[in-house]
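The file input_9.pdb contains PDB, C-alpha atoms, pLDDT in the B column:
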MODEL        1
ATOM      1  CA  MET Z   1     -39.478-117.727 -56.729  1.00 92.00           C
ATOM      2  CA  THR Z   2     -39.724-117.531 -52.945  1.00 96.00           C
ATOM      3  CA  LEU Z   3     -41.975-114.951 -51.293  1.00 98.00           C
ATOM      4  CA  LEU Z   4     -42.338-113.739 -47.717  1.00 98.00           C
ATOM      5  CA  ILE Z   5     -46.024-113.257 -46.832  1.00 98.00           C
ATOM      6  CA  GLY Z   6     -47.839-112.917 -43.529  1.00 98.00           C
ATOM      7  CA  LYS Z   7     -48.926-116.305 -42.184  1.00 98.00           C
ATOM      8  CA  ARG Z   8     -52.450-115.109 -41.443  1.00 98.00           C
ATOM      9  CA  TYR Z   9     -53.058-115.035 -45.216  1.00 98.00           C
ATOM     10  CA  GLU Z  10     -51.934-118.614 -45.794  1.00 98.00           C
ATOM     11  CA  PRO Z  11     -55.464-120.119 -45.828  1.00 98.00           C
ATOM     12  CA  GLU Z  12     -56.551-117.809 -48.644  1.00 98.00           C
ATOM     13  CA  LEU Z  13     -53.432-117.686 -50.781  1.00 98.00           C
ATOM     14  CA  ALA Z  14     -51.453-120.911 -50.334  1.00 98.00           C
ATOM     15  CA  GLN Z  15     -53.299-122.976 -52.909  1.00 98.00           C
ATOM     16  CA  SER Z  16     -53.268-120.429 -55.723  1.00 98.00           C
ATOM     17  CA  LEU Z  17     -49.614-119.513 -55.191  1.00 98.00           C
ATOM     18  CA  GLY Z  18     -48.617-123.166 -54.938  1.00 98.00           C
ATOM     19  CA  ALA Z  19     -50.332-123.814 -58.267  1.00 98.00           C
ATOM     20  CA  GLN Z  20     -47.931-121.279 -59.793  1.00 97.00           C
ATOM     21  CA  GLY Z  21     -44.933-123.141 -58.390  1.00 97.00           C
ATOM     22  CA  ILE Z  22     -44.186-120.366 -55.922  1.00 97.00           C
ATOM     23  CA  GLU Z  23     -42.637-121.194 -52.568  1.00 97.00           C
ATOM     24  CA  VAL Z  24     -43.881-119.066 -49.686  1.00 98.00           C
ATOM     25  CA  ILE Z  25     -42.273-118.529 -46.312  1.00 97.00           C
ATOM     26  CA  TRP Z  26     -45.180-117.569 -44.078  1.00 98.00           C
ATOM     27  CA  LEU Z  27     -44.113-114.875 -41.640  1.00 98.00           C
ATOM     28  CA  PRO Z  28     -45.415-114.838 -38.069  1.00 97.00           C
ATOM     29  CA  ASP Z  29     -47.434-111.870 -36.874  1.00 98.00           C
ATOM     30  CA  ASN Z  30     -45.355-108.884 -35.823  1.00 98.00           C
ATOM     31  CA  LYS Z  31     -46.279-108.207 -32.206  1.00 96.00           C
ATOM     32  CA  ASP Z  32     -44.953-104.641 -32.262  1.00 98.00           C
ATOM     33  CA  VAL Z  33     -47.345-103.125 -34.812  1.00 98.00           C
ATOM     34  CA  ASP Z  34     -51.100-102.570 -34.813  1.00 98.00           C
ATOM     35  CA  PRO Z  35     -52.791-106.003 -34.603  1.00 98.00           C
ATOM     36  CA  ARG Z  36     -54.712-105.201 -37.778  1.00 98.00           C
ATOM     37  CA  LEU Z  37     -51.390-104.872 -39.621  1.00 98.00           C
ATOM     38  CA  ALA Z  38     -49.444-107.563 -37.775  1.00 98.00           C
ATOM     39  CA  GLY Z  39     -49.436-109.873 -40.793  1.00 98.00           C
ATOM     40  CA  HIS Z  40     -48.141-107.262 -43.228  1.00 98.00           C
ATOM     41  CA  ALA Z  41     -44.790-108.383 -44.630  1.00 98.00           C
ATOM     42  CA  ASP Z  42     -43.868-104.886 -45.788  1.00 98.00           C
ATOM     43  CA  LEU Z  43     -43.759-103.741 -42.162  1.00 98.00           C
ATOM     44  CA  SER Z  44     -41.687-106.714 -41.005  1.00 98.00           C
ATOM     45  CA  VAL Z  45     -38.929-107.260 -43.572  1.00 98.00           C
ATOM     46  CA  PHE Z  46     -36.852-105.452 -46.166  1.00 98.00           C
ATOM     47  CA  VAL Z  47     -34.796-107.475 -48.655  1.00 97.00           C
ATOM     48  CA  SER Z  48     -32.023-106.348 -50.981  1.00 95.00           C
ATOM     49  CA  ASP Z  49     -29.472-108.497 -52.847  1.00 90.00           C
ATOM     50  CA  GLY Z  50     -29.469-111.366 -50.381  1.00 91.00           C
ATOM     51  CA  HIS Z  51     -29.550-109.144 -47.316  1.00 96.00           C
ATOM     52  CA  VAL Z  52     -32.588-109.167 -45.057  1.00 98.00           C
ATOM     53  CA  ILE Z  53     -33.487-106.589 -42.425  1.00 98.00           C
ATOM     54  CA  ALA Z  54     -36.121-107.956 -40.068  1.00 98.00           C
ATOM     55  CA  ALA Z  55     -38.206-106.073 -37.539  1.00 98.00           C
ATOM     56  CA  LYS Z  56     -37.482-106.905 -33.931  1.00 98.00           C
ATOM     57  CA  GLY Z  57     -40.964-108.397 -33.624  1.00 97.00           C
ATOM     58  CA  VAL Z  58     -40.234-111.201 -36.122  1.00 98.00           C
ATOM     59  CA  TYR Z  59     -36.431-111.469 -36.152  1.00 98.00           C
ATOM     60  CA  PRO Z  60     -36.082-114.200 -33.488  1.00 97.00           C
ATOM     61  CA  THR Z  61     -38.514-116.514 -35.271  1.00 96.00           C
ATOM     62  CA  ILE Z  62     -37.039-116.243 -38.793  1.00 97.00           C
ATOM     63  CA  VAL Z  63     -33.311-115.647 -38.256  1.00 97.00           C
ATOM     64  CA  ASN Z  64     -32.297-119.310 -38.343  1.00 96.00           C
ATOM     65  CA  LEU Z  65     -34.642-120.147 -41.199  1.00 94.00           C
ATOM     66  CA  LEU Z  66     -33.210-117.484 -43.503  1.00 96.00           C
ATOM     67  CA  THR Z  67     -29.604-117.894 -42.369  1.00 96.00           C
ATOM     68  CA  ASN Z  68     -29.816-121.590 -43.216  1.00 95.00           C
ATOM     69  CA  ARG Z  69     -30.881-120.600 -46.726  1.00 94.00           C
ATOM     70  CA  GLY Z  70     -27.760-118.490 -47.179  1.00 94.00           C
ATOM     71  CA  TYR Z  71     -29.200-115.057 -46.495  1.00 95.00           C
ATOM     72  CA  THR Z  72     -27.544-112.438 -44.361  1.00 95.00           C
ATOM     73  CA  ILE Z  73     -30.148-111.263 -41.881  1.00 98.00           C
ATOM     74  CA  ASN Z  74     -29.871-108.388 -39.446  1.00 98.00           C
ATOM     75  CA  GLU Z  75     -32.257-106.913 -36.944  1.00 98.00           C
ATOM     76  CA  ALA Z  76     -33.741-103.479 -37.545  1.00 98.00           C
ATOM     77  CA  LYS Z  77     -32.210-100.746 -35.407  1.00 98.00           C
ATOM     78  CA  TRP Z  78     -35.385 -98.929 -34.384  1.00 98.00           C
ATOM     79  CA  GLU Z  79     -38.097-100.189 -32.091  1.00 97.00           C
ATOM     80  CA  GLN Z  80     -41.475-100.415 -33.812  1.00 98.00           C
ATOM     81  CA  ARG Z  81     -44.651 -99.127 -32.207  1.00 98.00           C
ATOM     82  CA  PRO Z  82     -48.271 -99.544 -33.273  1.00 98.00           C
ATOM     83  CA  LYS Z  83     -48.965 -95.992 -34.433  1.00 97.00           C
ATOM     84  CA  TYR Z  84     -47.750 -94.389 -37.646  1.00 98.00           C
ATOM     85  CA  PRO Z  85     -44.994 -93.373 -38.300  1.00 98.00           C
ATOM     86  CA  ASP Z  86     -43.346 -95.658 -35.754  1.00 98.00           C
ATOM     87  CA  ASP Z  87     -44.347 -98.791 -37.682  1.00 98.00           C
ATOM     88  CA  VAL Z  88     -42.986 -98.010 -41.157  1.00 98.00           C
ATOM     89  CA  GLY Z  89     -39.197 -98.185 -40.815  1.00 98.00           C
ATOM     90  CA  LEU Z  90     -38.905-101.090 -43.266  1.00 98.00           C
ATOM     91  CA  CYS Z  91     -41.690-100.087 -45.661  1.00 98.00           C
ATOM     92  CA  VAL Z  92     -39.436 -99.158 -48.579  1.00 98.00           C
ATOM     93  CA  CYS Z  93     -40.363 -99.811 -52.214  1.00 98.00           C
ATOM     94  CA  ALA Z  94     -37.512-101.079 -54.408  1.00 97.00           C
ATOM     95  CA  THR Z  95     -38.472-101.679 -58.041  1.00 97.00           C
ATOM     96  CA  GLY Z  96     -35.009-102.639 -59.233  1.00 94.00           C
ATOM     97  CA  LYS Z  97     -34.055 -99.389 -60.943  1.00 97.00           C
ATOM     98  CA  TYR Z  98     -35.717 -97.065 -58.427  1.00 98.00           C
ATOM     99  CA  THR Z  99     -36.195 -97.036 -54.674  1.00 98.00           C
ATOM    100  CA  LEU Z 100     -39.029 -95.095 -53.045  1.00 98.00           C
ATOM    101  CA  TYR Z 101     -38.370 -94.281 -49.408  1.00 98.00           C
ATOM    102  CA  ALA Z 102     -39.362 -91.802 -46.710  1.00 98.00           C
ATOM    103  CA  PRO Z 103     -36.111 -90.356 -45.315  1.00 98.00           C
ATOM    104  CA  LYS Z 104     -37.606 -89.322 -41.967  1.00 97.00           C
ATOM    105  CA  THR Z 105     -39.140 -92.702 -41.137  1.00 98.00           C
ATOM    106  CA  MET Z 106     -36.820 -95.284 -42.746  1.00 98.00           C
ATOM    107  CA  ASP Z 107     -34.902 -97.501 -40.332  1.00 98.00           C
ATOM    108  CA  PRO Z 108     -31.143 -96.739 -40.412  1.00 98.00           C
ATOM    109  CA  ALA Z 109     -30.377-100.418 -41.024  1.00 98.00           C
ATOM    110  CA  VAL Z 110     -31.983-100.148 -44.470  1.00 98.00           C
ATOM    111  CA  ALA Z 111     -29.925 -97.200 -45.730  1.00 97.00           C
ATOM    112  CA  PRO Z 112     -26.756 -99.150 -46.718  1.00 97.00           C
ATOM    113  CA  LEU Z 113     -28.869-101.537 -48.820  1.00 97.00           C
ATOM    114  CA  LEU Z 114     -30.600 -98.950 -50.998  1.00 97.00           C
ATOM    115  CA  HIS Z 115     -29.740 -99.064 -54.681  1.00 94.00           C
ATOM    116  CA  GLY Z 116     -30.883 -97.666 -58.014  1.00 96.00           C
ATOM    117  CA  LYS Z 117     -32.175 -94.135 -58.343  1.00 98.00           C
ATOM    118  CA  LEU Z 118     -33.380 -92.984 -54.923  1.00 98.00           C
ATOM    119  CA  VAL Z 119     -36.772 -91.273 -54.855  1.00 98.00           C
ATOM    120  CA  PRO Z 120     -37.611 -89.622 -51.511  1.00 98.00           C
ATOM    121  CA  VAL Z 121     -41.316 -89.447 -50.667  1.00 98.00           C
ATOM    122  CA  ASN Z 122     -43.306 -88.231 -47.679  1.00 98.00           C
ATOM    123  CA  GLN Z 123     -45.478 -91.347 -47.517  1.00 98.00           C
ATOM    124  CA  GLY Z 124     -44.035 -93.658 -44.854  1.00 98.00           C
ATOM    125  CA  TYR Z 125     -46.035 -96.569 -46.237  1.00 98.00           C
ATOM    126  CA  ALA Z 126     -44.080 -96.287 -49.486  1.00 98.00           C
ATOM    127  CA  ARG Z 127     -44.077-100.009 -50.280  1.00 98.00           C
ATOM    128  CA  CYS Z 128     -47.762-100.387 -49.501  1.00 98.00           C
ATOM    129  CA  ALA Z 129     -48.766 -97.312 -51.494  1.00 98.00           C
ATOM    130  CA  ALA Z 130     -47.042 -98.373 -54.733  1.00 98.00           C
ATOM    131  CA  ALA Z 131     -47.831-101.446 -56.823  1.00 98.00           C
ATOM    132  CA  ILE Z 132     -44.706-102.462 -58.707  1.00 98.00           C
ATOM    133  CA  VAL Z 133     -45.379-103.155 -62.389  1.00 98.00           C
ATOM    134  CA  ASP Z 134     -41.794-103.368 -63.623  1.00 98.00           C
ATOM    135  CA  ASP Z 135     -38.398-101.808 -62.903  1.00 97.00           C
ATOM    136  CA  HIS Z 136     -39.530 -98.333 -63.909  1.00 97.00           C
ATOM    137  CA  SER Z 137     -43.330 -98.384 -63.517  1.00 98.00           C
ATOM    138  CA  ILE Z 138     -45.772 -98.335 -60.609  1.00 98.00           C
ATOM    139  CA  ILE Z 139     -49.452 -97.831 -59.812  1.00 99.00           C
ATOM    140  CA  THR Z 140     -50.460 -95.580 -56.907  1.00 98.00           C
ATOM    141  CA  ALA Z 141     -53.333 -93.581 -55.437  1.00 98.00           C
ATOM    142  CA  ASP Z 142     -51.012 -91.395 -53.351  1.00 98.00           C
ATOM    143  CA  ALA Z 143     -50.665 -87.881 -54.780  1.00 98.00           C
ATOM    144  CA  GLY Z 144     -47.282 -87.255 -53.180  1.00 98.00           C
ATOM    145  CA  VAL Z 145     -45.821 -90.514 -54.451  1.00 98.00           C
ATOM    146  CA  LEU Z 146     -47.264 -89.749 -57.875  1.00 98.00           C
ATOM    147  CA  ARG Z 147     -45.481 -86.378 -58.073  1.00 98.00           C
ATOM    148  CA  ALA Z 148     -42.183 -87.744 -56.808  1.00 98.00           C
ATOM    149  CA  VAL Z 149     -41.961 -90.673 -59.189  1.00 98.00           C
ATOM    150  CA  LYS Z 150     -43.017 -88.597 -62.195  1.00 98.00           C
ATOM    151  CA  ASN Z 151     -40.257 -86.123 -61.407  1.00 98.00           C
ATOM    152  CA  ALA Z 152     -37.821 -89.032 -61.161  1.00 98.00           C
ATOM    153  CA  GLY Z 153     -38.729 -90.237 -64.647  1.00 98.00           C
ATOM    154  CA  MET Z 154     -40.859 -93.247 -63.769  1.00 98.00           C
ATOM    155  CA  ASP Z 155     -44.031 -94.233 -65.596  1.00 98.00           C
ATOM    156  CA  VAL Z 156     -46.940 -94.173 -63.156  1.00 98.00           C
ATOM    157  CA  LEU Z 157     -50.665 -94.826 -63.258  1.00 98.00           C
ATOM    158  CA  ASP Z 158     -52.672 -92.737 -60.817  1.00 98.00           C
ATOM    159  CA  ILE Z 159     -55.812 -94.458 -59.557  1.00 98.00           C
ATOM    160  CA  ALA Z 160     -58.643 -93.533 -57.222  1.00 98.00           C
ATOM    161  CA  ALA Z 161     -57.998 -94.023 -53.524  1.00 97.00           C
ATOM    162  CA  GLY Z 162     -60.003 -96.657 -51.719  1.00 97.00           C
ATOM    163  CA  HIS Z 163     -61.899 -99.632 -53.149  1.00 97.00           C
ATOM    164  CA  ILE Z 164     -59.400-102.022 -51.555  1.00 98.00           C
ATOM    165  CA  GLU Z 165     -60.376-103.874 -48.401  1.00 98.00           C
ATOM    166  CA  LEU Z 166     -58.290-103.665 -45.229  1.00 98.00           C
ATOM    167  CA  LYS Z 167     -60.137-104.989 -42.220  1.00 96.00           C
ATOM    168  CA  GLY Z 168     -60.430-102.400 -39.486  1.00 97.00           C
ATOM    169  CA  TYR Z 169     -59.678 -99.462 -41.799  1.00 98.00           C
ATOM    170  CA  ASP Z 170     -61.645 -97.459 -44.341  1.00 97.00           C
ATOM    171  CA  HIS Z 171     -59.534 -98.938 -47.118  1.00 97.00           C
ATOM    172  CA  GLY Z 172     -56.174-100.441 -48.005  1.00 98.00           C
ATOM    173  CA  PHE Z 173     -53.541 -99.705 -50.634  1.00 98.00           C
ATOM    174  CA  ILE Z 174     -52.826-101.102 -54.088  1.00 98.00           C
ATOM    175  CA  GLY Z 175     -49.217-101.991 -53.260  1.00 98.00           C
ATOM    176  CA  GLY Z 176     -50.342-104.015 -50.287  1.00 98.00           C
ATOM    177  CA  ALA Z 177     -52.852-105.880 -52.441  1.00 98.00           C
ATOM    178  CA  SER Z 178     -50.466-106.888 -55.242  1.00 98.00           C
ATOM    179  CA  PHE Z 179     -46.969-108.182 -55.890  1.00 98.00           C
ATOM    180  CA  LYS Z 180     -44.746-109.463 -58.679  1.00 98.00           C
ATOM    181  CA  ILE Z 181     -44.519-113.240 -59.104  1.00 98.00           C
ATOM    182  CA  ASN Z 182     -42.244-113.199 -62.157  1.00 97.00           C
ATOM    183  CA  ASN Z 183     -40.883-110.736 -64.695  1.00 96.00           C
ATOM    184  CA  ASN Z 184     -44.150-110.416 -66.601  1.00 98.00           C
ATOM    185  CA  THR Z 185     -46.895-111.118 -64.048  1.00 98.00           C
ATOM    186  CA  VAL Z 186     -48.430-109.023 -61.279  1.00 98.00           C
ATOM    187  CA  ALA Z 187     -50.529-110.969 -58.780  1.00 98.00           C
ATOM    188  CA  PHE Z 188     -53.558-109.342 -57.171  1.00 98.00           C
ATOM    189  CA  THR Z 189     -55.063-110.713 -53.984  1.00 98.00           C
ATOM    190  CA  GLY Z 190     -58.581-110.531 -55.408  1.00 98.00           C
ATOM    191  CA  LYS Z 191     -60.757-109.349 -58.219  1.00 98.00           C
ATOM    192  CA  LEU Z 192     -60.490-105.805 -59.541  1.00 98.00           C
ATOM    193  CA  THR Z 193     -64.171-105.907 -60.487  1.00 96.00           C
ATOM    194  CA  GLY Z 194     -65.828-102.890 -58.898  1.00 91.00           C
ATOM    195  CA  HIS Z 195     -62.666-100.809 -58.765  1.00 97.00           C
ATOM    196  CA  PRO Z 196     -63.353 -97.633 -60.768  1.00 98.00           C
ATOM    197  CA  ASP Z 197     -59.967 -97.923 -62.483  1.00 98.00           C
ATOM    198  CA  GLU Z 198     -60.123-101.629 -63.305  1.00 98.00           C
ATOM    199  CA  GLY Z 199     -59.873-101.049 -67.047  1.00 98.00           C
ATOM    200  CA  ARG Z 200     -57.081 -98.508 -66.733  1.00 98.00           C
ATOM    201  CA  ILE Z 201     -55.099-100.884 -64.522  1.00 98.00           C
ATOM    202  CA  TYR Z 202     -55.353-103.686 -67.071  1.00 98.00           C
ATOM    203  CA  ASP Z 203     -54.428-101.285 -69.877  1.00 98.00           C
ATOM    204  CA  PHE Z 204     -51.378-100.060 -67.940  1.00 99.00           C
ATOM    205  CA  LEU Z 205     -50.242-103.632 -67.318  1.00 98.00           C
ATOM    206  CA  ALA Z 206     -50.623-104.433 -71.015  1.00 98.00           C
ATOM    207  CA  LYS Z 207     -48.654-101.315 -71.930  1.00 98.00           C
ATOM    208  CA  HIS Z 208     -45.753-102.765 -69.954  1.00 98.00           C
ATOM    209  CA  SER Z 209     -46.227-106.332 -71.256  1.00 98.00           C
ATOM    210  CA  GLN Z 210     -47.505-107.535 -67.908  1.00 98.00           C
ATOM    211  CA  LYS Z 211     -50.240-110.042 -67.112  1.00 98.00           C
ATOM    212  CA  ALA Z 212     -52.514-109.975 -64.083  1.00 98.00           C
ATOM    213  CA  LEU Z 213     -53.008-113.054 -61.916  1.00 98.00           C
ATOM    214  CA  ILE Z 214     -56.087-112.918 -59.666  1.00 98.00           C
ATOM    215  CA  LEU Z 215     -55.440-115.101 -56.622  1.00 98.00           C
ATOM    216  CA  THR Z 216     -58.908-115.336 -55.032  1.00 98.00           C
ATOM    217  CA  ASP Z 217     -62.561-114.813 -55.838  1.00 98.00           C
ATOM    218  CA  ARG Z 218     -62.800-112.019 -53.272  1.00 97.00           C
ATOM    219  CA  PRO Z 219     -62.667-108.314 -54.076  1.00 98.00           C
ATOM    220  CA  ILE Z 220     -59.082-107.073 -53.896  1.00 98.00           C
ATOM    221  CA  PHE Z 221     -57.725-106.779 -50.321  1.00 98.00           C
ATOM    222  CA  ASP Z 222     -54.574-105.455 -48.656  1.00 98.00           C
ATOM    223  CA  ILE Z 223     -52.207-108.016 -47.086  1.00 98.00           C
ATOM    224  CA  GLY Z 224     -49.102-105.843 -46.854  1.00 98.00           C
ATOM    225  CA  GLY Z 225     -47.830-107.265 -50.121  1.00 98.00           C
ATOM    226  CA  ALA Z 226     -45.217-109.964 -50.541  1.00 98.00           C
ATOM    227  CA  ILE Z 227     -41.456-109.588 -50.328  1.00 98.00           C
ATOM    228  CA  ALA Z 228     -39.414-111.586 -52.839  1.00 97.00           C
ATOM    229  CA  LEU Z 229     -36.239-113.390 -51.840  1.00 95.00           C
ATOM    230  CA  PRO Z 230     -33.681-113.232 -54.683  1.00 86.00           C
TER     231      PRO Z 230
ENDMDL
END
Please rewrite the model in this file as structure tokens.
Amino acid sequence: MTLLIGKRYEPELAQSLGAQGIEVIWLPDNKDVDPRLAGHADLSVFVSDGHVIAAKGVYPTIVNLLTNRGYTINEAKWEQRPKYPDDVGLCVCATGKYTLYAPKTMDPAVAPLLHGKLVPVNQGYARCAAAIVDDHSIITADAGVLRAVKNAGMDVLDIAAGHIELKGYDHGFIGGASFKINNNTVAFTGKLTGHPDEGRIYDFLAKHSQKALILTDRPIFDIGGAIALP
């Protein structure tokens, strides 16, 4: 598997991901979003079936790299700006069978690449707010996302908001602190110890025949997730 992750997280994650045989393309900071979120992959790229949409702030530095690997890469249509909702055009959550997206804030370049059952949500940070467990299951602390995915027929675990570190903010999001590394493993950036729903998270993973991989000895922290290249 090859993952796209913000380069600023390379010192903390490279060794543990390499030990799993995972290749990582470390994305440069995105100059067009809030500096605190500049390393968040889910704000910089959207990937679907070999097609990559890249934010204008990272496109020039990765276009040749991904094109040489056989991917079709296009630049996002909208300009990004540091304040929400002008930073979330690419932050769309595709599980495989479902796609969670915010119609009002999604970049038009993403629309032709959406597939599966489409689930509109109000949360612009859709990818960051939802931890993908499998094709039809997620974990979230966002009440609006929770309602939408339940109505769409997904299995969802609702957890308490907070308890996830994001430097410069009160807290981060579970989707930004976790990502799939294979069909039966969800990686977490750090330990779930201290999270009030630690046990429920592990139980939900087990329910869906998933294992948890803890990547660091730190408490869980938000990196903007990781985007898999098919």
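Note that the spacing between atom CA of Z:Leu146 and atom CA of Z:Asp87 amounts to 22.3 Å.
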Residue nearest Z:Ala228 - candidates Z:Ile22, Z:Ala54, Z:Val149, Z:Leu90, atoms counted: all atoms listed in the file: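 The answer is Z:Ile22, which sits nearest to Z:Ala228.
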Could you expand the PyMOL selection byres ((chain Z and resi 165) around 10) into the explicit residues it covers here, written as a PDB file with C-alpha atoms, in the frame of the given file?
ATOM      1  CA  GLY Z 162     -60.003 -96.657 -51.719  1.00 97.00           C
ATOM      2  CA  HIS Z 163     -61.899 -99.632 -53.149  1.00 97.00           C
ATOM      3  CA  ILE Z 164     -59.400-102.022 -51.555  1.00 98.00           C
ATOM      4  CA  LEU Z 166     -58.290-103.665 -45.229  1.00 98.00           C
ATOM      5  CA  LYS Z 167     -60.137-104.989 -42.220  1.00 96.00           C
ATOM      6  CA  GLY Z 168     -60.430-102.400 -39.486  1.00 97.00           C
ATOM      7  CA  TYR Z 169     -59.678 -99.462 -41.799  1.00 98.00           C
ATOM      8  CA  ASP Z 170     -61.645 -97.459 -44.341  1.00 97.00           C
ATOM      9  CA  HIS Z 171     -59.534 -98.938 -47.118  1.00 97.00           C
ATOM     10  CA  GLY Z 172     -56.174-100.441 -48.005  1.00 98.00           C
ATOM     11  CA  PHE Z 173     -53.541 -99.705 -50.634  1.00 98.00           C
ATOM     12  CA  ILE Z 174     -52.826-101.102 -54.088  1.00 98.00           C
ATOM     13  CA  ALA Z 177     -52.852-105.880 -52.441  1.00 98.00           C
ATOM     14  CA  GLY Z 190     -58.581-110.531 -55.408  1.00 98.00           C
ATOM     15  CA  ARG Z 218     -62.800-112.019 -53.272  1.00 97.00           C
ATOM     16  CA  PRO Z 219     -62.667-108.314 -54.076  1.00 98.00           C
ATOM     17  CA  ILE Z 220     -59.082-107.073 -53.896  1.00 98.00           C
ATOM     18  CA  PHE Z 221     -57.725-106.779 -50.321  1.00 98.00           C
ATOM     19  CA  ASP Z 222     -54.574-105.455 -48.656  1.00 98.00           C
ATOM     20  CA  ILE Z 223     -52.207-108.016 -47.086  1.00 98.00           C
TER      21      ILE Z 223
END
Using all atoms listed in the file: which of Z:Ile138, Z:Ile159, Z:Leu114, Z:Ile5 has the shortest distance to Z:Pro196: Z:Ile159
For Z:Leu37, please output as an MDAnalysis selection string all residues within 9 Å (counting only C-alpha atoms; exclusion window: fewer than 5 positions along the same chain). chainID Z and resid 29:30 43 82 166 223:224
Identify all residues satisfying the PyMOL selection byres ((chain Z and resi 85) around 12) in the given file; provide them as an mmCIF file with C-alpha atoms, keeping the file's coordinate frame.
data_model
loop_
_atom_site.group_PDB
_atom_site.id
_atom_site.type_symbol
_atom_site.label_atom_id
_atom_site.label_comp_id
_atom_site.auth_asym_id
_atom_site.auth_seq_id
_atom_site.Cartn_x
_atom_site.Cartn_y
_atom_site.Cartn_z
ATOM 1 C CA VAL Z 33 -47.345 -103.125 -34.812
ATOM 2 C CA ASP Z 34 -51.100 -102.570 -34.813
ATOM 3 C CA LEU Z 43 -43.759 -103.741 -42.162
ATOM 4 C CA TRP Z 78 -35.385 -98.929 -34.384
ATOM 5 C CA GLU Z 79 -38.097 -100.189 -32.091
ATOM 6 C CA GLN Z 80 -41.475 -100.415 -33.812
ATOM 7 C CA ARG Z 81 -44.651 -99.127 -32.207
ATOM 8 C CA PRO Z 82 -48.271 -99.544 -33.273
ATOM 9 C CA LYS Z 83 -48.965 -95.992 -34.433
ATOM 10 C CA TYR Z 84 -47.750 -94.389 -37.646
ATOM 11 C CA ASP Z 86 -43.346 -95.658 -35.754
ATOM 12 C CA ASP Z 87 -44.347 -98.791 -37.682
ATOM 13 C CA VAL Z 88 -42.986 -98.010 -41.157
ATOM 14 C CA GLY Z 89 -39.197 -98.185 -40.815
ATOM 15 C CA LEU Z 90 -38.905 -101.090 -43.266
ATOM 16 C CA CYS Z 91 -41.690 -100.087 -45.661
ATOM 17 C CA ALA Z 102 -39.362 -91.802 -46.710
ATOM 18 C CA PRO Z 103 -36.111 -90.356 -45.315
ATOM 19 C CA LYS Z 104 -37.606 -89.322 -41.967
ATOM 20 C CA THR Z 105 -39.140 -92.702 -41.137
ATOM 21 C CA MET Z 106 -36.820 -95.284 -42.746
ATOM 22 C CA ASP Z 107 -34.902 -97.501 -40.332
ATOM 23 C CA ASN Z 122 -43.306 -88.231 -47.679
ATOM 24 C CA GLN Z 123 -45.478 -91.347 -47.517
ATOM 25 C CA GLY Z 124 -44.035 -93.658 -44.854
ATOM 26 C CA TYR Z 125 -46.035 -96.569 -46.237
ATOM 27 C CA ALA Z 126 -44.080 -96.287 -49.486
#
Reference answer for the PyMOL selection byres ((chain Z and resi 65-70) around 10), as a PyMOL selection string: chain Z and resi 25+50-52+60-64+71-74+229
Distance of atom CA of Z:Asn182 from atom CA of Z:Ala152, expressed in Å to one decimal place: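 Computed distance, atom CA of Z:Ala152 to atom CA of Z:Asn182, equals 24.6 Å.
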Box for stretch 15-30 of chain Z - axis-aligned, 8 Å on each of the six sides, all listed atoms - centre and size in Å to one decimal, as AutoDock Vina command-line options.
--center_x -47.8 --center_y -116.3 --center_z -47.8 --size_x 27.0 --size_y 30.9 --size_z 40.0
Could you name the residues that touch Z:Val58 at 10 Å or less, counting only C-alpha atoms, but leaving out those on the same chain fewer than 6 positions away, as a list in words?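 With the cut-off at 10 Å, the set is Leu27, Pro28, Asp29, Asn30, Lys31, Asp32, Ser44, Val45 and Glu75 of chain Z.
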Grab the atom CA of Z:Glu12 to atom CA of Z:Asp49 distance for me, in Å with one decimal place.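 Computing the Euclidean distance for atom CA of Z:Glu12 and atom CA of Z:Asp49 yields 28.9 Å.
For Z:Gly116, the residues within 8 Å (counting all atoms listed in the file, excluding itself and residues fewer than 3 positions away along the chain) are Gly96, Lys97, Tyr98 and Thr99 of chain Z.
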Show which residues sit within 7 Å of Z:Ala131, as a ChimeraX atom specification. Count all atoms listed in the file, and ignore same-chain residues fewer than 2 positions away. /Z:129,133,138-140,174-175,178-179
Selection to disk with C-alpha atoms, as a PDB file, in the frame of the given file:
ATOM      1  CA  ALA Z 129     -48.766 -97.312 -51.494  1.00 98.00           C
ATOM      2  CA  VAL Z 133     -45.379-103.155 -62.389  1.00 98.00           C
ATOM      3  CA  ILE Z 138     -45.772 -98.335 -60.609  1.00 98.00           C
ATOM      4  CA  ILE Z 139     -49.452 -97.831 -59.812  1.00 99.00           C
ATOM      5  CA  THR Z 140     -50.460 -95.580 -56.907  1.00 98.00           C
ATOM      6  CA  ILE Z 174     -52.826-101.102 -54.088  1.00 98.00           C
ATOM      7  CA  GLY Z 175     -49.217-101.991 -53.260  1.00 98.00           C
ATOM      8  CA  SER Z 178     -50.466-106.888 -55.242  1.00 98.00           C
ATOM      9  CA  PHE Z 179     -46.969-108.182 -55.890  1.00 98.00           C
TER      10      PHE Z 179
END
Counting all atoms listed in the file, the option among Z:Leu4, Z:Val186, Z:Val92, Z:Ala19 closest to Z:Gly39: Z:Leu4
Env of Z:Arg147: 12 Å cut, atoms = all atoms listed in the file, seq-sep filter 2 positions within chain, self excluded. Answer as a list in words. Leu100, Val119, Pro120, Val121, Asn122, Gln123, Thr140, Ala141, Asp142, Ala143, Gly144, Val145, Val149, Lys150, Asn151, Ala152, Gly153, Met154, Asp155, Val156, Leu157 and Asp158 of chain Z
Kindly indicate which residue among Z:Pro108, Z:Gly21, Z:Gly6, Z:Pro11 lies nearest to Z:Arg36, using all atoms listed in the file for the distances. Z:Gly6
